[in-house]
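Input: a single structure, listed below in structure tokens.
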Amino acid sequence: MNLFEAILPSPKNGNFITGLPTMNADPRSPSASAAARQASPAFDLVLFGGTGDLAMRKLLPALYRRFRDGQLSRDARIIGVARGPLSREEFTGKTEAALRQYLGGDFDAGVWGEFSALLHYLRVEATAKEDYAALADLLGSRPDVVRLFFLSTAPDLFSAICREIAAAGIVTPSSRIMLEKPLGEDAASAARINDTVGALFSERQIYRIDHYLGKETVQNLLALRFGNALFEPLWRRGQIRHVQITVAEQLGVESRGDFYDRTGAIRDMVQNHLLQLLCILAMEPPASSAADAVRDEKLKVLRALRPIGDAEALLKTVRGQYRAGVIGTTKASGYQDEPGVDPNSRTETFVAIKAEIDTWRWAGVPFYLRTGKRLHEHLAELVITFEQVPHSIFSGPFSSLPPNRLVIRLQPDEFITLRIMAKSPGEALRLKPVDLALDLGESFKGRPLEAYERLLGDAIQGNLTLFMRRDEVDAAWHWIDPIRAAWATDDDGPRPYAAGSWGPAASSALIARDGFAWNDEQ
Ligand code: BG6
């Protein structure tokens with residue numbers, strides 16, 4: 001299975017080879033559903049953290065949708081596991097309430113009736129050996145189906161859960177383990193987790209999740225770069241002036257204040273999501289689209305990132321923390337007043353970084369990364385600014401022309417625009433920037449898959465391409481750790497910014513020092 005098999009329709013049957021429908025096919029047509037369901041293997045999915053926020057908000061809705069679209073075998077069991085003493089009926093009731101809330105119009109009572117029959121629940125205290133006996137009994141009745149353990153718990157429980165499932169004898173050679181980020185809190189703790197998991201599962205059984213890799217537009221970036229000859233000659237120093245990667249959220253820390261306060265934006269977002277986006281944008285063309293070919297190239301980018309430590313960290317990074325403010329018309333309280341957050345917290349809720357990649361392709365091209373909570377807009381985008389024309393033949397206001405710019409918007413809407421200069425209609429020769437635009441929602445009428453739908457489907461099918469390999473995770477932490485170490489010795493904490501703004505003024509200054517501006521400031 002390779003990446004483009006996951007993206008492109010198969011000429012044979014019009015379905016993605018993963019069993020996903022093409023964007024244009026109606027996945028719910030009876031024949032497409034029946035064929036896809038038949039191709040989907042029987043499986044037992046054990047969901048640790050089964051009553052948690054991620055399970056209720058994302059994982060169970062994703063499984064429901066895949067089931068509704070005929071992508072999941074009816075011979076499947078989804079076993080929610082958590083420490084609460086729930087009955088199967090209570091778990092099913094909780095799931096139904098969550099699906100009604102998060103699926104909105106997609107909830108269908110008939111489908112729910114069938115889907116709910118797949119659900120089971122077991123009370124398991126992660127570290128209590130005796131609690132695993134019931135799980136072993138349940139799984140033992142079907143030793144031959146694909147067995148997946150999804151760990152959607154705090155990362156400090158990963159090692160304990162792995163040890164206990166191994167001790168309970170429920171890890172088979174074909175079992176798969178799915179680990180939700182963050183994987184550890186620094187390079188050392190990530191290595192400990194990876195050592196424990198690696199002693200029980202081979203690398204080919206480990207699915208480390210970064211849900212950004214499951215997003216449709218991220219895969220579109222791969223299609224754009226490697227499905228078109230046009231961009232490759234331009235994709236380098238000398239042609240590209242600088243790159244911006246922004247993932248801005250309007251949301252605050254919601255109910256996760258306690259977790260977030262121990263984590264901060266650099267570990268919650270940069271170590272994983274932003275660096276993965278950077279890798280896909282900057283990697284060399286892989287020799288093939290097989291999982292390891294792609295992951296090898298991403299790893300080279302991470303290893304070529306110029307280290308940022310000590311005094312450099314204070315020049316090339318900006319941390320911020322939100323204060324009370326207004327987002328749209330809604331008042332938002334300050335971070336230190338959020339439930340679960342230390343009132344004197346120095347945890348950053350905003351980060352901007354100037355990253356550099358020391359390779360022939362990218363030497364001298366800055367990559368500006370920026371992410372934060374309670375920002376002005378909900379927006380994730382990659383902005384590639386090309387070099388200016390070397391000499392303008394036009395005079396007056398057009399003697400200096402703005403550079404071409406490629407914008408790849410991931411959310412909230414998904415589009416790709418290329419800004420070019422064109423002549424305004426009329427007698428005079430006036431130039432004006434205009435966008436060549438590809439609206440992915442409009443061009444492909446089908447429903448794009450949610451990230452977790454794709455990732456769960458890929459794991460059930462055994463496709464590792466969109467999951468992180470251990471060495472990628474290690475390399476990412478090794479780049480992040482020195483930045484955090486430098487921050488820890490800095491007397492100044494994160495800079496305050498008002499909720500609803502674009503972050504601290506120092507973030508604009510960081511990029512302005514090089515003569516550029518963030519896309520929203522232009
Ligand atoms: C998660 C972070 O990984 O990604 C959250 O832990 C963040 O803090 C979320 O809100 C953002 O994901 P998305 O898909 O909504 O952009």
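Labeling convention for the structure tokens: chains A, B, ... as they appear, residues from 1 per chain, ligands from 1 in order of appearance.
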Let me see if you get this right: every residue at most 10 Å from ligand 1, counting only C-alpha atoms and all ligand atoms, written as a PyMOL selection string.
chain A and resi 54+58+180-182+209-212+214-215+247-254+256+259-260+263-265+267-270+272-273+349+371-373+378-380+410-412+450-452
All strand (DSSP E) positions in segment 355-493 of chain A, as number ranges by chain:
A: 355, 367-372, 379-386, 405-411, 415-423, 431-439
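Atom CA of Arg361 of chain A is found 23.7 Å from atom CA of Thr217 of chain A.
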Pull the alpha helix (DSSP H) assignments for segment 240-436 of chain A out of DSSP run on the backbone, and list those residues as an MDAnalysis selection string.
chainID A and resid 257:265 275:282 291:304 310:316
Pick out the closest residue to Phe150 of chain A from this set: A:Leu275, A:Leu456, A:Ala363, A:Leu122. Count only C-alpha atoms.
A:Leu456
Contacts of Ile483 of chain A at 9 Å or less, counting only C-alpha atoms, minus same-chain residues fewer than 3 places along, as a PyMOL selection string?
chain A and resi 307-310+312-314+317+479-480+486-488
Would you output that residue set with all heavy atoms, as a CSV table (one decimal), in the first residue's frame?
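Final output, result.csv:
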chain,number,residue,atom,x,y,z
A,307,PRO,N,19.8,23.9,14.6
A,307,PRO,CA,19.4,23.9,16.1
A,307,PRO,C,19.3,25.4,16.5
A,307,PRO,O,20.0,26.3,16.1
A,307,PRO,CB,20.6,23.3,16.8
A,307,PRO,CG,21.4,22.5,15.7
A,307,PRO,CD,21.1,23.2,14.4
A,308,ILE,N,18.3,25.6,17.4
A,308,ILE,CA,18.1,26.9,18.0
A,308,ILE,C,18.2,26.7,19.5
A,308,ILE,O,17.4,26.0,20.1
A,308,ILE,CB,16.7,27.4,17.7
A,308,ILE,CG1,16.4,27.5,16.2
A,308,ILE,CG2,16.5,28.8,18.4
A,308,ILE,CD1,15.0,28.0,15.9
A,309,GLY,N,19.3,27.3,20.1
A,309,GLY,CA,19.4,27.1,21.6
A,309,GLY,C,20.0,28.4,22.1
A,309,GLY,O,20.3,29.3,21.4
A,310,ASP,N,20.0,28.4,23.5
A,310,ASP,CA,20.6,29.5,24.2
A,310,ASP,C,20.2,30.8,23.7
A,310,ASP,O,19.0,31.0,23.5
A,310,ASP,CB,22.2,29.4,24.2
A,310,ASP,CG,22.6,28.0,24.7
A,310,ASP,OD1,21.9,27.5,25.6
A,310,ASP,OD2,23.6,27.5,24.1
A,312,GLU,N,20.3,32.3,20.9
A,312,GLU,CA,19.6,32.3,19.6
A,312,GLU,C,18.1,32.1,19.8
A,312,GLU,O,17.3,32.7,19.1
A,312,GLU,CB,20.1,31.1,18.8
A,312,GLU,CG,21.4,31.3,18.1
A,312,GLU,CD,21.2,31.2,16.6
A,312,GLU,OE1,20.9,30.1,16.2
A,312,GLU,OE2,21.3,32.2,15.9
A,313,ALA,N,17.7,31.3,20.8
A,313,ALA,CA,16.3,31.0,21.0
A,313,ALA,C,15.5,32.3,21.3
A,313,ALA,O,14.4,32.4,20.9
A,313,ALA,CB,16.2,30.0,22.1
A,314,LEU,N,16.2,33.2,22.0
A,314,LEU,CA,15.5,34.4,22.4
A,314,LEU,C,15.3,35.3,21.2
A,314,LEU,O,14.4,36.2,21.1
A,314,LEU,CB,16.1,35.1,23.5
A,314,LEU,CG,16.3,34.2,24.8
A,314,LEU,CD1,16.9,34.9,25.9
A,314,LEU,CD2,15.0,33.6,25.2
A,317,THR,N,12.7,33.0,18.5
A,317,THR,CA,11.4,32.5,18.9
A,317,THR,C,10.7,33.6,19.7
A,317,THR,O,11.3,34.4,20.3
A,317,THR,CB,11.6,31.3,19.8
A,317,THR,OG1,12.1,31.6,21.1
A,317,THR,CG2,12.4,30.2,19.2
A,479,TRP,N,15.0,18.8,18.3
A,479,TRP,CA,15.0,20.2,17.8
A,479,TRP,C,14.3,21.1,18.8
A,479,TRP,O,14.7,22.3,19.1
A,479,TRP,CB,14.4,20.3,16.4
A,479,TRP,CG,14.6,21.7,15.8
A,479,TRP,CD1,15.8,22.2,15.4
A,479,TRP,CD2,13.6,22.7,15.6
A,479,TRP,NE1,15.5,23.5,14.9
A,479,TRP,CE2,14.2,23.8,15.0
A,479,TRP,CE3,12.2,22.7,15.8
A,479,TRP,CZ2,13.5,24.9,14.6
A,479,TRP,CZ3,11.5,23.9,15.5
A,479,TRP,CH2,12.2,25.0,14.9
A,480,ILE,N,13.2,20.6,19.4
A,480,ILE,CA,12.4,21.4,20.3
A,480,ILE,C,13.1,21.5,21.7
A,480,ILE,O,13.0,22.6,22.3
A,480,ILE,CB,11.0,20.7,20.5
A,480,ILE,CG1,10.2,20.7,19.2
A,480,ILE,CG2,10.2,21.3,21.7
A,480,ILE,CD1,9.8,22.0,18.7
A,486,ALA,N,16.2,26.9,26.7
A,486,ALA,CA,16.6,28.3,26.7
A,486,ALA,C,15.5,29.1,27.4
A,486,ALA,O,15.7,30.0,28.1
A,486,ALA,CB,16.9,28.7,25.3
A,487,TRP,N,14.2,28.8,27.1
A,487,TRP,CA,13.1,29.5,27.7
A,487,TRP,C,13.1,29.4,29.2
A,487,TRP,O,12.8,30.3,29.9
A,487,TRP,CB,11.8,29.0,27.1
A,487,TRP,CG,11.5,29.3,25.7
A,487,TRP,CD1,12.2,30.2,24.9
A,487,TRP,CD2,10.3,28.9,25.0
A,487,TRP,NE1,11.5,30.2,23.7
A,487,TRP,CE2,10.4,29.4,23.7
A,487,TRP,CE3,9.3,28.0,25.2
A,487,TRP,CZ2,9.5,29.2,22.7
A,487,TRP,CZ3,8.3,27.7,24.3
A,487,TRP,CH2,8.5,28.3,23.0
A,488,ALA,N,13.5,28.2,29.6
A,488,ALA,CA,13.4,27.9,31.1
A,488,ALA,C,14.4,28.8,31.8
A,488,ALA,O,14.2,29.1,33.0
A,488,ALA,CB,13.7,26.4,31.3
